[in-house]
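Enquirer: I'm passing along query35.txt; it holds compact mmCIF, C-alpha atoms.
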```
# COMPACT_ATOMS: atom_id res chain seq x y z
CA MET A 133 90.49 92.26 84.46
CA ILE A 134 87.06 92.15 82.84
CA ASP A 135 85.04 95.39 82.62
CA ILE A 136 82.35 95.25 85.31
CA LYS A 137 79.98 97.26 83.07
CA TYR A 138 80.28 94.62 80.35
CA LEU A 139 79.69 91.90 82.93
CA ARG A 140 76.51 93.62 84.16
CA GLU A 141 75.17 94.01 80.64
CA LYS A 142 76.05 90.60 79.15
CA PRO A 143 76.73 88.04 81.88
CA GLU A 144 75.54 85.07 79.80
CA GLU A 145 77.83 86.04 76.94
CA ILE A 146 80.76 86.23 79.35
CA LYS A 147 79.92 82.83 80.81
CA ALA A 148 79.81 81.29 77.34
CA ARG A 149 83.15 82.80 76.31
CA ILE A 150 84.83 81.57 79.50
CA ARG A 151 83.43 78.09 78.87
CA LYS A 152 85.37 78.09 75.59
CA ARG A 153 88.45 77.78 77.80
CA GLU A 154 87.00 74.58 79.29
CA MET A 155 86.40 76.47 82.54
CA ASP A 156 83.02 76.64 84.27
CA LEU A 157 82.91 79.88 86.23
CA ASP A 158 79.19 80.59 85.92
CA SER A 159 78.78 80.64 89.71
CA VAL A 160 81.63 83.16 90.04
CA VAL A 161 80.00 85.47 87.50
CA ASP A 162 76.69 85.17 89.37
CA GLU A 163 78.39 85.93 92.69
CA ILE A 164 80.08 89.00 91.20
CA LEU A 165 76.70 90.29 90.08
CA THR A 166 75.19 89.62 93.52
CA VAL A 167 78.02 91.46 95.29
CA ASP A 168 77.80 94.26 92.72
CA ALA A 169 74.07 94.68 93.34
CA GLN A 170 74.64 94.76 97.11
CA LYS A 171 77.39 97.34 96.71
CA ARG A 172 75.30 99.58 94.48
CA GLU A 173 72.33 99.31 96.83
CA GLN A 174 74.55 100.28 99.76
CA MET A 175 76.01 103.17 97.76
CA GLY A 176 72.46 104.40 97.11
CA LYS A 177 71.71 104.35 100.83
CA ILE A 178 74.92 106.26 101.57
CA GLU A 179 74.04 108.93 99.01
CA THR A 180 70.59 109.30 100.57
CA MET A 181 72.09 109.67 104.06
CA LYS A 182 74.64 112.20 102.81
CA ALA A 183 71.88 114.26 101.26
CA GLU A 184 69.95 114.06 104.55
CA LYS A 185 73.07 115.09 106.45
CA ASN A 186 73.69 118.06 104.16
CA ALA A 187 70.10 119.22 104.56
CA ALA A 188 70.32 118.92 108.34
CA SER A 189 73.62 120.78 108.40
CA LYS A 190 72.00 123.73 106.66
CA GLN A 191 69.23 123.83 109.26
CA ILE A 192 71.53 124.15 112.29
CA PRO A 193 72.69 127.75 111.60
CA GLN A 194 69.09 128.75 110.95
CA ILE A 195 67.92 127.22 114.28
CA LYS A 196 70.73 128.94 116.18
CA LYS A 197 70.08 132.25 114.42
CA ALA A 198 66.44 132.05 115.52
CA GLY A 199 67.62 131.40 119.10
CA GLY A 200 66.43 127.84 119.09
CA ASP A 201 68.03 124.65 120.52
CA ALA A 202 70.03 122.81 117.82
CA SER A 203 71.23 119.99 120.09
CA GLU A 204 68.66 117.48 118.77
CA MET A 205 69.62 118.25 115.19
CA MET A 206 73.33 117.98 116.01
CA ALA A 207 72.76 114.61 117.66
CA LYS A 208 70.94 113.49 114.52
CA LEU A 209 73.90 114.64 112.42
CA LYS A 210 76.25 112.61 114.57
CA GLU A 211 74.04 109.55 114.26
CA ILE A 212 73.91 109.90 110.45
CA GLY A 213 77.68 110.32 110.37
CA VAL A 214 78.13 107.02 112.21
CA LEU A 215 75.72 105.27 109.82
CA ILE A 216 77.59 106.70 106.82
CA ALA A 217 80.95 105.51 108.19
CA ASP A 218 79.53 102.04 108.85
CA GLY A 219 78.01 101.95 105.36
CA GLU A 220 81.26 103.00 103.72
CA ALA A 221 83.06 100.20 105.56
CA VAL A 222 80.51 97.76 104.15
CA ILE A 223 81.05 99.18 100.66
CA LYS A 224 84.81 98.77 101.05
CA GLU A 225 84.32 95.15 102.10
CA LEU A 226 82.00 94.47 99.17
CA ASP A 227 84.35 96.24 96.75
CA ASP A 228 87.30 94.13 97.93
CA LYS A 229 85.21 90.99 97.51
CA GLN A 230 84.15 92.02 94.02
CA THR A 231 87.74 92.73 93.01
CA GLU A 232 88.86 89.36 94.37
CA LEU A 233 86.19 87.61 92.33
CA LEU A 234 86.94 89.60 89.17
CA LEU A 235 90.62 88.66 89.46
CA SER A 236 89.65 84.99 89.36
CA LEU A 237 88.16 85.41 85.87
CA PRO A 238 90.48 84.84 82.91
CA ASN A 239 90.58 87.08 79.87
CA LEU A 240 87.78 86.43 77.41
CA PRO A 241 88.91 84.62 74.25
CA ASP A 242 88.26 86.48 71.01
CA GLU A 243 85.12 85.46 69.13
CA ASP A 244 87.06 83.66 66.38
CA VAL A 245 89.16 81.59 68.81
CA CYS A 246 88.11 77.92 68.85
CA ALA A 247 86.70 76.37 72.00
CA GLY A 248 88.56 73.52 73.67
CA GLY A 249 92.09 72.60 74.68
CA LYS A 250 95.33 72.19 72.77
CA GLU A 251 93.91 69.34 70.72
CA GLN A 252 91.82 72.03 68.97
CA ASN A 253 94.82 74.19 68.01
CA GLU A 254 94.79 75.04 64.30
CA PRO A 255 97.93 75.04 62.08
CA VAL A 256 97.79 78.27 60.06
CA ARG A 257 100.79 77.77 57.77
CA TYR A 258 104.14 76.01 57.41
CA PHE A 259 107.52 77.37 56.35
CA GLY A 260 110.06 75.28 54.47
CA GLU A 261 110.31 71.52 54.32
CA LYS A 262 111.20 69.04 57.00
CA PRO A 263 114.94 68.35 56.66
CA GLN A 264 115.85 64.93 55.29
CA PHE A 265 119.14 63.21 56.12
CA ALA A 266 121.03 60.64 54.05
CA PHE A 267 122.86 59.50 57.19
CA GLN A 268 122.01 58.40 60.72
CA MET A 269 121.06 61.70 62.36
CA LYS A 270 121.84 62.60 65.96
CA ASN A 271 119.72 64.42 68.53
CA HIS A 272 120.72 67.81 69.87
CA VAL A 273 122.02 66.39 73.17
CA GLU A 274 124.49 64.12 71.34
CA LEU A 275 125.51 66.91 68.98
CA CYS A 276 125.97 69.57 71.67
CA GLU A 277 127.92 67.23 73.95
CA GLY A 278 130.04 65.92 71.08
CA LEU A 279 130.97 69.45 70.00
CA GLY A 280 131.55 70.68 73.58
CA MET A 281 128.78 73.27 73.19
CA ILE A 282 126.64 72.34 76.20
CA ASP A 283 127.64 70.74 79.49
CA TYR A 284 124.53 69.12 80.90
CA GLN A 285 126.21 67.18 83.71
CA ARG A 286 128.07 70.12 85.21
CA GLY A 287 125.04 72.35 84.74
CA ALA A 288 122.99 69.90 86.79
CA LYS A 289 125.83 69.54 89.30
CA ILE A 290 125.94 73.23 90.14
CA ALA A 291 122.24 74.09 89.75
CA GLY A 292 120.25 70.85 89.84
CA ALA A 293 118.03 69.04 87.35
CA GLY A 294 116.61 71.17 84.53
CA SER A 295 119.82 73.21 84.23
CA TRP A 296 122.69 73.30 81.75
CA LEU A 297 125.65 75.52 80.94
CA TYR A 298 126.94 76.76 77.61
CA ARG A 299 130.59 76.27 76.68
CA GLY A 300 132.83 77.37 73.86
CA TRP A 301 130.97 77.50 70.56
CA GLY A 302 127.71 76.85 72.39
CA SER A 303 128.16 80.11 74.30
CA ARG A 304 129.11 81.87 71.07
CA LEU A 305 126.03 80.53 69.28
CA GLU A 306 123.72 81.51 72.14
CA TRP A 307 125.16 85.02 72.24
CA ALA A 308 124.97 85.26 68.45
CA LEU A 309 121.26 84.49 68.51
CA LEU A 310 120.60 87.14 71.14
CA ASN A 311 122.57 89.75 69.24
CA PHE A 312 120.84 88.86 65.97
CA PHE A 313 117.39 89.12 67.53
CA ILE A 314 118.15 92.43 69.24
CA ASP A 315 119.68 93.99 66.10
CA GLU A 316 116.65 93.01 64.04
CA HIS A 317 114.19 94.48 66.55
CA ILE A 318 116.12 97.73 66.87
CA LYS A 319 116.09 98.07 63.06
CA ASP A 320 112.31 97.75 63.25
CA GLY A 321 112.00 100.66 65.67
CA PHE A 322 111.69 98.87 69.01
CA GLU A 323 113.30 100.44 72.09
CA PHE A 324 115.79 98.12 73.80
CA ILE A 325 115.21 97.66 77.55
CA LEU A 326 117.26 95.79 80.15
CA PRO A 327 114.81 95.49 83.07
CA PRO A 328 115.43 94.28 86.64
CA HIS A 329 115.17 90.52 87.11
CA MET A 330 113.66 90.82 90.61
CA LEU A 331 110.19 92.35 90.57
CA GLY A 332 107.59 93.43 93.12
CA TYR A 333 104.21 91.72 93.55
CA GLN A 334 102.34 94.43 91.62
CA CYS A 335 104.18 93.48 88.43
CA GLY A 336 102.82 89.94 88.54
CA TYR A 337 99.37 91.29 89.42
CA VAL A 338 99.24 93.61 86.41
CA ALA A 339 100.54 90.92 84.05
CA GLY A 340 97.71 88.64 85.22
CA GLN A 341 99.99 86.04 86.81
CA PHE A 342 98.96 86.92 90.39
CA PRO A 343 97.18 86.06 92.54
CA LYS A 344 96.12 82.85 90.76
CA PHE A 345 99.61 81.71 89.71
CA ARG A 346 101.60 83.15 92.60
CA ASP A 347 103.19 79.79 93.43
CA GLU A 348 104.58 79.26 89.94
CA VAL A 349 107.48 81.72 90.30
CA TYR A 350 110.64 81.85 92.42
CA TRP A 351 110.23 84.18 95.42
CA ILE A 352 113.09 85.95 97.22
CA GLN A 353 112.62 87.20 100.78
CA ASN A 354 114.93 89.90 102.12
CA PRO A 355 116.08 88.54 105.53
CA THR A 356 116.49 92.05 106.98
CA SER A 357 113.09 93.45 105.94
CA ASN A 358 109.61 92.51 104.76
CA ASP A 359 110.64 93.23 101.17
CA GLU A 360 109.68 90.26 98.98
CA LYS A 361 110.40 89.99 95.28
CA PHE A 362 110.04 87.33 92.60
CA MET A 363 112.30 86.36 89.71
CA LEU A 364 110.67 87.32 86.44
CA PRO A 365 109.30 84.37 84.44
CA THR A 366 109.39 86.49 81.27
CA ALA A 367 110.34 90.06 80.43
CA GLU A 368 106.69 90.70 79.54
CA THR A 369 105.99 90.84 83.29
CA ALA A 370 108.28 93.86 83.59
CA LEU A 371 107.46 95.56 80.29
CA VAL A 372 103.67 95.65 80.75
CA ASN A 373 104.31 97.55 84.01
CA LEU A 374 106.42 100.34 82.49
CA HIS A 375 103.38 102.62 82.14
CA ARG A 376 101.43 101.44 85.16
CA ASP A 377 99.18 104.23 86.53
CA GLU A 378 100.08 106.49 83.59
CA ILE A 379 98.15 108.26 80.86
CA ILE A 380 100.18 107.77 77.68
CA PRO A 381 99.99 110.65 75.18
CA THR A 382 98.14 109.28 72.16
CA GLU A 383 100.76 110.63 69.79
CA GLU A 384 103.31 108.34 71.49
CA LEU A 385 101.32 105.20 70.67
CA PRO A 386 102.11 102.53 69.76
CA LYS A 387 104.86 102.03 72.33
CA LYS A 388 107.23 99.30 71.13
CA TYR A 389 109.72 97.66 73.50
CA ILE A 390 112.07 94.70 73.44
CA ALA A 391 113.95 93.29 76.40
CA TYR A 392 116.59 90.63 76.85
CA THR A 393 116.46 88.67 80.10
CA PRO A 394 116.99 85.21 81.45
CA CYS A 395 113.59 83.74 82.37
CA TYR A 396 113.12 81.83 85.60
CA ARG A 397 110.46 79.11 85.80
CA ARG A 398 109.78 76.81 88.73
CA GLU A 399 108.19 74.23 86.46
CA ALA A 400 110.85 72.87 84.14
CA GLY A 401 108.90 70.05 82.53
CA SER A 402 109.15 66.32 82.90
CA TYR A 403 112.03 63.91 82.57
CA ARG A 404 110.50 62.30 79.48
CA SER A 405 112.70 61.91 76.44
CA GLU A 406 110.80 64.68 74.65
CA GLU A 407 111.90 67.16 77.33
CA ARG A 408 115.57 66.17 77.25
CA GLY A 409 118.45 68.56 76.92
CA MET A 410 117.54 72.23 76.54
CA ILE A 411 113.92 71.85 75.51
CA ARG A 412 112.59 73.04 78.86
CA GLY A 413 114.51 74.25 81.91
CA HIS A 414 114.32 76.37 85.05
CA GLN A 415 116.32 79.17 83.40
CA PHE A 416 116.58 80.15 79.75
CA ASN A 417 117.30 83.25 77.68
CA LYS A 418 114.69 85.14 75.73
CA VAL A 419 114.19 88.37 73.84
CA GLU A 420 110.64 89.63 74.38
CA MET A 421 108.58 92.11 72.37
CA VAL A 422 105.79 94.17 73.96
CA GLN A 423 103.51 96.79 72.45
CA TYR A 424 101.04 99.27 73.94
CA THR A 425 98.39 100.40 71.44
CA GLU A 426 95.11 102.22 71.10
CA ASP A 427 92.14 99.91 71.56
CA ASP A 428 91.31 99.85 67.84
CA LYS A 429 94.90 99.30 66.70
CA SER A 430 95.86 96.12 68.55
CA ASP A 431 94.86 93.77 65.71
CA ILE A 432 97.37 95.56 63.47
CA ALA A 433 100.03 95.27 66.18
CA PHE A 434 99.28 91.56 66.65
CA LYS A 435 99.79 90.87 62.96
CA GLU A 436 103.08 92.79 63.08
CA LEU A 437 104.38 90.83 66.09
CA VAL A 438 103.50 87.48 64.51
CA GLU A 439 105.21 88.42 61.25
CA LYS A 440 108.29 89.74 63.04
CA ALA A 441 108.73 86.56 65.08
CA GLU A 442 108.17 84.45 61.96
CA ARG A 443 110.74 86.45 60.03
CA LEU A 444 113.42 85.68 62.60
CA VAL A 445 112.83 81.93 62.26
CA GLN A 446 112.70 82.24 58.48
CA GLU A 447 116.01 84.10 58.36
CA LEU A 448 117.51 81.30 60.44
CA GLY A 449 116.31 78.92 57.73
CA LEU A 450 114.39 76.68 60.13
CA HIS A 451 111.34 74.63 59.24
CA TYR A 452 108.40 75.61 61.46
CA ARG A 453 104.64 75.92 61.61
CA LEU A 454 102.40 78.72 62.85
CA SER A 455 99.51 77.57 65.03
CA LYS A 456 96.44 79.42 66.28
CA LEU A 457 95.75 78.30 69.83
CA ALA A 458 92.34 77.19 71.03
CA ALA A 459 90.84 79.09 73.96
CA GLY A 460 91.82 76.47 76.52
CA ASP A 461 95.47 76.61 75.47
CA CYS A 462 95.75 80.41 75.65
CA SER A 463 97.26 81.73 78.87
CA PHE A 464 95.03 83.21 81.57
CA SER A 465 95.58 86.84 80.53
CA MET A 466 95.38 86.49 76.76
CA ALA A 467 92.45 86.85 74.36
CA ARG A 468 94.26 85.23 71.44
CA THR A 469 97.63 83.55 70.84
CA TYR A 470 99.59 82.27 67.85
CA ASP A 471 102.53 79.94 68.47
CA ILE A 472 105.56 79.59 66.22
CA GLU A 473 106.75 76.00 66.58
CA VAL A 474 110.07 74.74 65.19
CA TRP A 475 110.59 71.20 64.01
CA ILE A 476 112.86 69.05 66.21
CA PRO A 477 113.84 66.17 63.86
CA SER A 478 114.96 63.67 66.52
CA MET A 479 111.64 64.00 68.35
CA GLU A 480 109.54 64.34 65.21
CA ILE A 481 107.48 67.04 66.89
CA TYR A 482 107.11 70.82 66.73
CA LYS A 483 108.17 72.87 69.77
CA GLU A 484 107.11 76.43 70.49
CA VAL A 485 109.81 79.11 70.24
CA SER A 486 107.49 82.12 70.25
CA SER A 487 104.00 82.91 71.50
CA ALA A 488 102.43 86.08 70.12
CA SER A 489 99.48 87.19 72.23
CA ASN A 490 96.95 90.00 72.51
CA ALA A 491 95.73 90.76 76.02
CA ARG A 492 93.33 93.45 74.76
CA ASP A 493 92.66 95.76 77.78
CA TYR A 494 92.86 92.95 80.39
CA GLN A 495 96.34 93.87 81.69
CA ALA A 496 95.86 97.63 81.24
CA ARG A 497 92.79 97.56 83.50
CA ARG A 498 94.85 95.89 86.20
CA GLY A 499 97.65 98.40 85.72
CA ASN A 500 95.46 101.48 85.08
CA VAL A 501 97.27 102.20 81.79
CA ARG A 502 95.26 104.69 79.75
CA TYR A 503 95.39 107.15 76.88
CA ARG A 504 93.11 109.97 75.78
CA GLY A 505 91.32 109.17 72.53
CA GLU A 506 90.10 111.44 69.75
CA ASP A 507 86.81 111.66 71.65
CA LYS A 508 88.77 113.35 74.47
CA LYS A 509 87.82 110.50 76.81
CA LEU A 510 90.23 108.23 78.65
CA HIS A 511 90.52 104.68 77.27
CA PHE A 512 92.42 101.67 78.53
CA ALA A 513 95.35 100.77 76.31
CA HIS A 514 95.76 97.34 74.74
CA THR A 515 98.92 95.35 75.50
CA LEU A 516 100.51 92.67 73.34
CA ASN A 517 103.59 90.50 73.60
CA ALA A 518 105.61 88.00 71.58
CA SER A 519 108.83 86.10 72.09
CA GLY A 520 111.45 87.27 69.68
CA LEU A 521 112.80 84.61 70.38
CA ALA A 522 113.45 82.07 73.17
CA THR A 523 116.85 80.48 72.52
CA SER A 524 116.57 77.23 74.47
CA ARG A 525 114.56 75.61 71.70
CA VAL A 526 116.10 77.50 68.79
CA ILE A 527 119.54 75.99 69.45
CA PRO A 528 118.25 72.37 69.48
CA ALA A 529 116.42 73.12 66.22
CA ILE A 530 119.53 74.67 64.66
CA VAL A 531 121.96 71.90 65.61
CA GLU A 532 119.54 69.17 64.51
CA GLN A 533 118.31 70.78 61.29
CA TYR A 534 121.83 71.97 60.31
CA GLN A 535 123.78 68.86 61.36
CA ASN A 536 126.26 67.18 59.02
CA GLU A 537 127.25 63.53 58.63
CA ASP A 538 130.60 64.06 60.42
CA GLY A 539 128.85 65.40 63.55
CA SER A 540 129.57 69.05 62.77
CA VAL A 541 126.91 71.75 62.60
CA THR A 542 126.67 74.39 59.89
CA VAL A 543 126.03 77.86 61.32
CA PRO A 544 123.00 79.63 59.76
CA GLU A 545 124.24 82.32 57.41
CA VAL A 546 122.70 85.24 59.33
CA LEU A 547 124.61 84.22 62.48
CA ARG A 548 128.07 83.75 60.97
CA LYS A 549 129.18 87.35 61.48
CA TYR A 550 128.33 86.99 65.19
CA VAL A 551 129.73 83.50 65.74
CA GLY A 552 132.86 84.02 63.65
CA ILE A 553 132.84 80.65 61.83
CA ASP A 554 130.73 78.88 59.24
CA VAL A 555 130.80 75.37 60.70
CA ILE A 556 131.13 74.20 64.31
CA LYS A 557 133.44 71.19 64.41
CA LYS A 558 135.23 69.12 67.03
```
Please go through the file and, once you have read it, give me the structure as structure tokens.
Expert:
Amino acid sequence: MIDIKYLREKPEEIKARIRKREMDLDSVVDEILTVDAQKREQMGKIETMKAEKNAASKQIPQIKKAGGDASEMMAKLKEIGVLIADGEAVIKELDDKQTELLLSLPNLPDEDVCAGGKEQNEPVRYFGEKPQFAFQMKNHVELCEGLGMIDYQRGAKIAGAGSWLYRGWGSRLEWALLNFFIDEHIKDGFEFILPPHMLGYQCGYVAGQFPKFRDEVYWIQNPTSNDEKFMLPTAETALVNLHRDEIIPTEELPKKYIAYTPCYRREAGSYRSEERGMIRGHQFNKVEMVQYTEDDKSDIAFKELVEKAERLVQELGLHYRLSKLAAGDCSFSMARTYDIEVWIPSMEIYKEVSSASNARDYQARRGNVRYRGEDKKLHFAHTLNASGLATSRVIPAIVEQYQNEDGSVTVPEVLRKYVGIDVIKK
């Protein structure tokens, strides 16, 4: 959520930064300011009436002590009380309206983030070379089916389109990746969390996914109560709520968490050839990193998260590029995002396996997550997240980049102790 004080002081600057996202919300900003002015005017009236009521209250004992009739003054007090109650109801209505409007505003992109959509994304650097093959290469669907690693047909049979199931060495490779990621993060001082998969509405609200994107998740209604939960689309949604409504001791910052969860997405992509196989589905596995930091330390944390995610892909020996996203391609809650995109040879395109993002104080304001700074004042924390990593695109990249002429797949060296073999063969 955007700071209302900042919006009052620099509305034109806020409008311009939102327009970098290719969104025109000038009228919303203007309406927020109108509602804010009405609310503050009403609050001023209430304060005046309260002062009048307090003054009148002090007069009643004096009138009675002098033997006078205080009934007129008491009637006036009652009338003022009614006006105050009515005014406070108006303030509540205006406050709710202002909050609703503020929630419709996305996070402001950082100053150095380019305007425009994904066509304005900037490659920052590349790692390794695109693999070259002296034989007719296969795509990951052919390889995984040929080696009995993935069963797409039975996955779709039991769960519908956009689903698959791992088998044999495919299951072993998937589990190896998850173990490798988790071990690396623990070595780097992150606390390992296994959160619930079903979350309450407030979690999506704090993460910035609700109310705007409420229909993009799977909802579960308890048939015996009014309890409604949604399936988490990413572990970030749970982790950024761990310290909701808390004041974190400054000496405990930064807080560093990782979580393994399946991720559940209603939108599983298209049926185009570039979305085939495991590239995009309704359910996939991911290890997520989240940090809480002081407001002046989040740039350092962002650099760390990007480098950590990159290191995982580097240790797997995969060719990838790092891209800085333009404002219009950053998610609603994020001020800046870098994507790590692996090369899928059969498609001749790069596909994202990790997004590292800085939300600044946008999520913390929604969740009332604060810390006490050196100035002894309370500050909103900054929250950051990065995939570390999502496996559903790592496996296609591995089997395609590490494929051999006989249809086998060489296991990346760092995974061999987890998988138990060096080469996956028929």
Enquirer: Could you tell me which of A:Glu537, A:Glu316, A:Glu179, A:Glu204 comes closest to Gln191 in chain A if we count all atoms listed in the file?
Expert: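 Closest to Gln191 in chain A of all the choices is A:Glu204.
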Enquirer: For the atom pair CA of His414 in chain A and CA of Gly249 in chain A, what is the interatomic distance in Å to one decimal place?
Expert: 24.8 Å
Enquirer: Can you pull out the residues contacting Glu447 in chain A? Cut-off 9 Å, using only C-alpha atoms, and skip same-chain residues under 6 positions away; I want them as a ChimeraX atom specification.
Expert: /A:544-546
Enquirer: Go ahead and save the picked residues with C-alpha atoms, as a PDB file, keeping the file's coordinate frame.
Expert:
```
ATOM      1  CA  PRO A 544     123.000  79.630  59.760  1.00  0.00           C
ATOM      2  CA  GLU A 545     124.240  82.320  57.410  1.00  0.00           C
ATOM      3  CA  VAL A 546     122.700  85.240  59.330  1.00  0.00           C
TER       4      VAL A 546
END
```
Enquirer: One decimal, Å: what's the distance from CA of Arg504 in chain A over to CA of Arg492 in chain A, could you say?
Expert: 16.6 Å
Enquirer: Can you tell me which residues surround range 333-341 of chain A at a distance of at most 10 Å, considering all atoms listed in the file, apart from same-chain residues fewer than 3 positions away, and format the answer as a PDB file with C-alpha atoms, keeping the file's coordinate frame?
Expert:
```pdb
ATOM      1  CA  MET A 133      90.490  92.260  84.460  1.00  0.00           C
ATOM      2  CA  LEU A 235      90.620  88.660  89.460  1.00  0.00           C
ATOM      3  CA  SER A 236      89.650  84.990  89.360  1.00  0.00           C
ATOM      4  CA  PRO A 238      90.480  84.840  82.910  1.00  0.00           C
ATOM      5  CA  ASN A 239      90.580  87.080  79.870  1.00  0.00           C
ATOM      6  CA  MET A 330     113.660  90.820  90.610  1.00  0.00           C
ATOM      7  CA  LYS A 344      96.120  82.850  90.760  1.00  0.00           C
ATOM      8  CA  PHE A 345      99.610  81.710  89.710  1.00  0.00           C
ATOM      9  CA  ARG A 346     101.600  83.150  92.600  1.00  0.00           C
ATOM     10  CA  ASP A 347     103.190  79.790  93.430  1.00  0.00           C
ATOM     11  CA  GLU A 348     104.580  79.260  89.940  1.00  0.00           C
ATOM     12  CA  VAL A 349     107.480  81.720  90.300  1.00  0.00           C
ATOM     13  CA  TRP A 351     110.230  84.180  95.420  1.00  0.00           C
ATOM     14  CA  GLU A 360     109.680  90.260  98.980  1.00  0.00           C
ATOM     15  CA  LYS A 361     110.400  89.990  95.280  1.00  0.00           C
ATOM     16  CA  PHE A 362     110.040  87.330  92.600  1.00  0.00           C
ATOM     17  CA  LEU A 364     110.670  87.320  86.440  1.00  0.00           C
ATOM     18  CA  PRO A 365     109.300  84.370  84.440  1.00  0.00           C
ATOM     19  CA  GLU A 368     106.690  90.700  79.540  1.00  0.00           C
ATOM     20  CA  THR A 369     105.990  90.840  83.290  1.00  0.00           C
ATOM     21  CA  ALA A 370     108.280  93.860  83.590  1.00  0.00           C
ATOM     22  CA  LEU A 371     107.460  95.560  80.290  1.00  0.00           C
ATOM     23  CA  VAL A 372     103.670  95.650  80.750  1.00  0.00           C
ATOM     24  CA  ASN A 373     104.310  97.550  84.010  1.00  0.00           C
ATOM     25  CA  LEU A 374     106.420 100.340  82.490  1.00  0.00           C
ATOM     26  CA  ARG A 376     101.430 101.440  85.160  1.00  0.00           C
ATOM     27  CA  SER A 463      97.260  81.730  78.870  1.00  0.00           C
ATOM     28  CA  PHE A 464      95.030  83.210  81.570  1.00  0.00           C
ATOM     29  CA  SER A 465      95.580  86.840  80.530  1.00  0.00           C
ATOM     30  CA  MET A 466      95.380  86.490  76.760  1.00  0.00           C
ATOM     31  CA  ALA A 491      95.730  90.760  76.020  1.00  0.00           C
ATOM     32  CA  TYR A 494      92.860  92.950  80.390  1.00  0.00           C
ATOM     33  CA  GLN A 495      96.340  93.870  81.690  1.00  0.00           C
ATOM     34  CA  ALA A 496      95.860  97.630  81.240  1.00  0.00           C
ATOM     35  CA  ARG A 497      92.790  97.560  83.500  1.00  0.00           C
ATOM     36  CA  ARG A 498      94.850  95.890  86.200  1.00  0.00           C
ATOM     37  CA  GLY A 499      97.650  98.400  85.720  1.00  0.00           C
ATOM     38  CA  ASN A 500      95.460 101.480  85.080  1.00  0.00           C
ATOM     39  CA  VAL A 501      97.270 102.200  81.790  1.00  0.00           C
ATOM     40  CA  THR A 515      98.920  95.350  75.500  1.00  0.00           C
TER      41      THR A 515
END
```
Enquirer: Using only C-alpha atoms, find all polymer residues with an atom at most 6 Å away from the point (98.0, 81.9, 68.2); report them as JSON, numbers by chain.
Expert: {"A": [455, 456, 457, 468, 469, 470, 471]}
Enquirer: Of the residues A:Glu261, A:Asp428, A:Asp283, A:Glu420, which is the one nearest to Lys440 in chain A, using all atoms listed in the file?
Expert: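 Using all atoms listed in the file, Lys440 in chain A sits closest to A:Glu420.
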Enquirer: Have a look at CA of Ala467 in chain A and CA of Ser489 in chain A and let me know their distance in Å, one decimal.
Expert: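 Taking CA of Ala467 in chain A and CA of Ser489 in chain A, their separation equals 7.4 Å.
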Enquirer: List as a Markdown table every residue of range 186-297 of chain A that is in contact with range 137-159 of chain A, defined as an atom at most 12 Å from one of its atoms (using all atoms listed in the file), together with the nearest atom pair and the distance in Å rounded to one decimal, sorted by chain and then rising number.
Expert:
```
| residue | atom | partner | partner_atom | distance |
| --- | --- | --- | --- | --- |
| A:Gln230 | CA | A:Leu139 | CA | 12.0 |
| A:Leu233 | CA | A:Leu157 | CA | 10.4 |
| A:Leu234 | CA | A:Leu139 | CA | 9.8 |
| A:Ser236 | CA | A:Leu157 | CA | 9.0 |
| A:Leu237 | CA | A:Leu157 | CA | 7.6 |
| A:Pro238 | CA | A:Ile150 | CA | 7.4 |
| A:Asn239 | CA | A:Ile150 | CA | 8.0 |
| A:Leu240 | CA | A:Arg149 | CA | 6.0 |
| A:Pro241 | CA | A:Arg149 | CA | 6.4 |
| A:Asp242 | CA | A:Arg149 | CA | 8.2 |
| A:Glu243 | CA | A:Arg149 | CA | 7.9 |
| A:Asp244 | CA | A:Arg149 | CA | 10.7 |
| A:Val245 | CA | A:Lys152 | CA | 8.5 |
| A:Cys246 | CA | A:Lys152 | CA | 7.3 |
| A:Ala247 | CA | A:Lys152 | CA | 4.2 |
| A:Gly248 | CA | A:Lys152 | CA | 5.9 |
| A:Gly249 | CA | A:Arg153 | CA | 7.1 |
| A:Lys250 | CA | A:Arg153 | CA | 10.2 |
| A:Gln252 | CA | A:Lys152 | CA | 11.1 |
```
Enquirer: Would you please work out which residue, of A:Gln285, A:Gln535, A:Thr382, A:Ser430, is nearest to His511 in chain A when using all atoms listed in the file?
Expert: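 Counting all atoms listed in the file, the residue closest to His511 in chain A is A:Thr382.
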Enquirer: So, with only C-alpha atoms as the atoms that count, which of A:Tyr452, A:Tyr258, A:Phe265, A:Tyr534 lies closest to Ser486 in chain A?
Expert: A:Tyr452
Enquirer: Given the choices A:Lys262, A:Leu209, A:Gln170, A:Gly413, which gets closest to Gly287 in chain A if the distance is worked out from all atoms listed in the file?
Expert: A:Gly413
Enquirer: Pick out the closest residue to Asn271 in chain A from this set: A:Ile476, A:Val541, A:Ala288, A:Leu510. Count only C-alpha atoms.
Expert: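 Among A:Ile476, A:Val541, A:Ala288, A:Leu510, it is A:Ile476 that comes nearest to Asn271 in chain A.
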Enquirer: Write out as number ranges by chain each polymer residue whose atoms come within 9 Å of range 320-328 of chain A, counting only C-alpha atoms; drop sequence neighbours fewer than 2 positions from it.
Expert: A: 314-318, 330-331, 364, 367, 370-371, 387-393, 421, 440
Enquirer: Distance cut-off 9 Å, centre (104.1, 75.0, 60.2) in file coordinates, counting all atoms listed in the file: which residues qualify? Return them as an MDAnalysis selection string.
Expert: chainID A and resid 255:260 451:455 472:475 482
